Amino acid sequence: MEALRQDDPRRFGHFTALARFDEHASAVRYVARDAASGETALVTAARPELAAVPVFSRRFRAEARTAERLAGGWVSPPLETGKAAGTPGDGPEPLWTATGYVPALPLDEAVGIAGPLPERVVRVLGAGIAETLSRVHATGAALQGLAPGTVLLAADGPRLTAFGPLGAAASAEAGPEDRLSVRLGYLTPEQIAGEEVSAASDLFVLGLLLAYAATGATPFTEGPAEGASRRIAEDEPELDGVPQELRELIASCLAKDPAERPSAGTVAAELALEGAAGLARGGWLPEPLAAAVADQGALVRALEAPAAGGVLSPGAHSAPAAPGGAPQSGHPYAAPAAPYAAPGSVPPAGPPHGGPTPYPAAALPAGAGGAGAGGGGPMVSLPLPPAPAPAPDPGASRRTLLTIAAAAVGGLVVGGGTMAALGSGETAAATDDKPAPKPRRTLPGQAPEPRWTYTHPASETPPLTAAVWQDELLVLTGESQAAAVDLRTGKRRWQRADAAKGQAALAAGTDLVFVASPTEFLWLAPKDGKVVHRVRYTEAFDDLAVGPLAGSSGPVIWFTASHTVTVKAPKPKKGKKKGKDKQVPEAFFLAYDIVRRKELWRTPVPAGRAPGTPSYRVAAERSADILVRQRSASLTPAELKTAKGKGSVRSFDQRTGKLLWTKQYGAATPEAATAGDEDGTLYAAVGTDLEAFETDTAKPLWRVEGTEGSVYGTPLIAGPLVHTTESSQSVGAVERQSGRLVWRRSTEVPAPGNAPAITLSSSEKTLIAADAVQVTAFAADSGERLWKFQDIGAAEPEGATVSAPYRVLTVGKTAIVQRERSFYAFPVA
C-alpha cells in the first residue's frame, strides 16, 4: 500500500480514495471511504489503456451483470459504480467498481505465509468455492474465474472475486485489429484441445486449486514450462502430497474427460456436509493466517483514522513481512506482488515452505505503468466481436462502466467456444455499447425473478411426484412416464415410460437415478434415462407387493411390503364339516441398499388396512435405530380401537431390523405430526400445542402453546431450532433445548386450512412455506418476511383453473416451486 500518485483519481463517485492499494497488469486498486456511510471500501479501476479499448469496455460491462447476479453467499456485491472525478489530464475515464472491505488473504499469499494448508482448511475452502459454483452452474453458465489470486481466505470462510477469464489471467493487453491477448494461468484439457468450456471446466480448476492449497504446489509441476499444456492434457496429476481423505475427490475433479468430473454440489457435500459456513464455525484459519487477517484489518482501520489523513508515505507498505518473507498485501482483493506460476510450469528453485516460487513480474506494454503479472501460462490471442456502430448519444463513449474486482471480463472466446454472460440471456459477444441495464431490484414481498420456468406438457398427465437428483436433475413421475428436467436450464432432458407411476427419485451412488415403480426397482442413467438395472419384486421379494417408501438415508431405503398367504382351516372334529381356508395378509418392514442392490433385512410387522400393506414414515434416524410412525389411514379398525385415540412410535434396530420397542407419547393421536432428532428428542403435536419428549423414556420436556382451534403440522429440525407450522397459517421457530419461542409469523393466507408444508434452503437461511394459495419465504433466524409468490392459477389462457397446492424442493441456492404442471426455479439464500 502506498500514497496516491499525482495521476491517480481522488474520487470515485462518493468514494474518496485514501491510498493506492496495489496494481496489476489490468487494474489498480484503492482503499477508499464512502462519504455517505463512512464505511471503508475497495475500489478497483481498470488501467486507462485497457479502458480505452471499446471491446474491453464491453467485456467489462458484461461482467457487471455477472457481479450483480452472483452477489450473496461467498460473493460480495458491488456497492456502487460511477464516473471517477478528479482525474488529471484528458485521458479516458476509468472503469471501476466499489465493494465492501472484508479482511482476507488471497490463497497464493496464504500458502506463501503458512505453507500447505491443513485438511480442514482445504475442506472449508473447497466447499465454499463449490457452493458458489453450484449456484453459477444452475444458470447454465460457467465461472471461468478461479485462480490462487481470485480465491480469498477471510475469518469466517472463503470469498471469491475477479470473475471471468481475465480475472484468472496472469496478464491482459490490447492488440491490433480489436483483439485482446491474455496470459491464462489455469488451463483445462478441453481448452487445450480447442473444445468449448463448460461447468465441468470449473471443476478441473477447482481440483487444481485444492491440490495447490493442500500441497503448496500444482499437480503438474514436473518438466519444462513449455510442456505445461501437454502435461495438463496427457499426464496424470501428482497427488502424493494431498491428504488421503481428499485425494480421490481431487483426482475425480482432475479427470481428463469432463463427463467424468463430479458436479459442484457433489464436491461441496463431500467436503463439508454441513456446508462451508458450518465447518468454518468457531474459526478455521491456522494461527499465522488468522493473525495476518486480523493485522490487515487493524492496518486498514488505522488508515481510516483521521490522524492518518488517508495518506501514506510514498512507497510505504502497510503490512509487515509475513513469516517466510512474504509481504502481506493489506487487503483481501490484493494479489501478491508477484503471482505464482501457472499449473504445469516449473517454478525456480527455492520455493518458500515447499510452495512454488513467484515468477518475476512481466513488463506491461509501453505506457501501462505499474507491476505486470506472472508469465507462467501460454499466451493466446482471443478474437473479439467488431466494434458497434456509433450511438446517437454523444456521451455514450464516456458512459460509466462497472466490473467486479480487477479486470474481470466474462465470456471470452477460448478455443472456439463462447460462454454466455451469467444469467444475461445474451452471449458475451454482444456488441451493444449502451450502458448495462440495472438488474431488476426485488421489491419487499415480491418474489425474485426465477432462473427458469418449466411447464409440463398438456399432452401428459400432471406429475405425481417430483424429486431432485444430486444437483443436476428434477425428476418427475406421472401416470404414463417419468421425465427429467435439467436443473441448470429448466429444459427437459429425457422421458422414460418404464418409470411411470414411480416414487420419488433417489441418488444410487453418484451415477444412477433410482426409482421405485409399482412392480420393480429401476436404476436409470441420468444422461438419457435408459434403464441400467431393474429388480422385479416378484423375483427379489418373494412376490411381495411393495408399498410406499418410508424413508431413506444414503444408499439405504426403508419400505413396507405385503402378500397374501393361505391359512388352512383346522381339521374338523369327527362328524363336523371342514371350515374354509382363509386368505390372510402378511406384512414386512424391509431395508434395502440401492447401491449394492441387496436386501439388508426383513422384519414381520402387523398388516395394515386392506389390502394389507401398512404405510410407514421414518420420523427420525439415530445412530443405532430408526423411529417409525404408521400413517393413520393404514391402521386397521382393530388397531385404532386398541390405541384408544393415541398414536405410537416404533423403534427398529438399524443393523438387524429387530423391533426394539413401541411407545406412546402423551396424548399425541395417530394423525399427530411427529418428528425426532438425532439427539433423542421427539416433537409431536398434542392437541393445539407442540410438545417435546425424551424419546427413550417418553418423558415430557417442554410444551409450546399453539393457536386456539389450530394444530401443528410436521416440524422441521435444523441446528439449534425447530421450525414449526400451524393450520392457523402461521410458521415459526423455537429453541430445541428449551422450547422458547424465537419467532412466529403469519403467512397472511386466510385460515382455516392444512398447515403449510415447510422447507429450508440448503444453507438453512430461508424458510419456505407452501400451501394451496401461495408460497411465502421467511428469514429462518428472525422470521422476517422476504417474499411471496402466486402463479396465475391457470395452466394456459383457455385452460382449467389450477387448484393444486404448491410444493417446494430446494437444492443449493435454488428453490423449485411446483404448482401442478408449472415449475419455477427461484434463487434463495
# chains A, B, ... in the order shown; residues from 1 in each chain; ligands from 1

$ residues_around --residues "segment 551-554 of chain A" --least-positions-apart "5" --cutoff "8 Å" --atoms "only C-alpha atoms" --output "compact mmCIF listing (two decimals) with N, CA and C atoms, in the first residue's frame"
# COMPACT_ATOMS: atom_id res chain seq x y z
N PHE A 559 -38.94 -49.58 3.42
CA PHE A 559 -40.27 -49.63 2.85
C PHE A 559 -41.03 -50.82 3.44
N ARG A 617 -43.78 -44.05 7.98
CA ARG A 617 -42.95 -42.86 7.73
C ARG A 617 -41.86 -42.82 8.77
N VAL A 618 -40.60 -42.72 8.34
CA VAL A 618 -39.48 -42.62 9.27
C VAL A 618 -39.48 -41.22 9.87

$ atom_distance --atom1 "atom CA of Leu476 of chain A" --atom2 "atom CA of Val515 of chain A"
10.3 Å

$ closest_atom_pairs --of "segment 739-815 of chain A" --to "segment 700-717 of chain A" --cutoff "8 Å" --atoms "only C-alpha atoms" --output "JSON lines"
{"residue": "A:Gly739", "atom": "CA", "partner": "A:Trp702", "partner_atom": "CA", "distance": 5.9}
{"residue": "A:Arg740", "atom": "CA", "partner": "A:Val704", "partner_atom": "CA", "distance": 7.7}
{"residue": "A:Leu741", "atom": "CA", "partner": "A:Val704", "partner_atom": "CA", "distance": 7.5}
{"residue": "A:Asn754", "atom": "CA", "partner": "A:Gly713", "partner_atom": "CA", "distance": 8.0}
{"residue": "A:Ala755", "atom": "CA", "partner": "A:Gly713", "partner_atom": "CA", "distance": 5.3}
{"residue": "A:Pro756", "atom": "CA", "partner": "A:Gly713", "partner_atom": "CA", "distance": 7.5}
{"residue": "A:Ala757", "atom": "CA", "partner": "A:Gly713", "partner_atom": "CA", "distance": 7.7}
{"residue": "A:Ile758", "atom": "CA", "partner": "A:Leu716", "partner_atom": "CA", "distance": 7.3}
{"residue": "A:Thr759", "atom": "CA", "partner": "A:Leu716", "partner_atom": "CA", "distance": 7.7}

$ closest_residue --among "A:Leu721, A:Val808, A:Ala141, A:Ser727" --to "Ala780 of chain A" --atoms "only C-alpha atoms"
A:Leu721

$ residues_around --residues "Ser623 of chain A" --least-positions-apart "3" --cutoff "10 Å" --atoms "only C-alpha atoms" --output "list in words"
Ile626, Asp653, Gln654, Arg655, Glu678 and Asp679 of chain A

$ write_last_selection --atoms "N, CA and C atoms" --output "short mmCIF file (atom, residue, chain, number, x, y, z; two decimals), in the first residue's frame"
data_model
loop_
_atom_site.label_atom_id
_atom_site.label_comp_id
_atom_site.auth_asym_id
_atom_site.auth_seq_id
_atom_site.Cartn_x
_atom_site.Cartn_y
_atom_site.Cartn_z
N ILE A 626 -33.97 -46.52 13.99
CA ILE A 626 -34.83 -45.58 13.29
C ILE A 626 -36.18 -45.59 13.99
N ASP A 653 -34.01 -51.63 15.04
CA ASP A 653 -32.56 -51.64 15.01
C ASP A 653 -32.07 -51.38 13.59
N GLN A 654 -31.16 -50.42 13.44
CA GLN A 654 -30.67 -50.08 12.10
C GLN A 654 -29.97 -51.25 11.42
N ARG A 655 -29.24 -52.05 12.19
CA ARG A 655 -28.41 -53.09 11.60
C ARG A 655 -29.19 -54.36 11.30
N GLU A 678 -31.58 -36.53 16.08
CA GLU A 678 -30.55 -37.50 16.37
C GLU A 678 -30.14 -37.50 17.84
N ASP A 679 -30.53 -36.46 18.57
CA ASP A 679 -30.15 -36.35 19.98
C ASP A 679 -31.09 -37.08 20.92
#

$ closest_residue --among "A:Ala214, A:Leu285, A:Ala138, A:Leu42" --to "Leu105 of chain A" --atoms "only C-alpha atoms"
A:Leu285
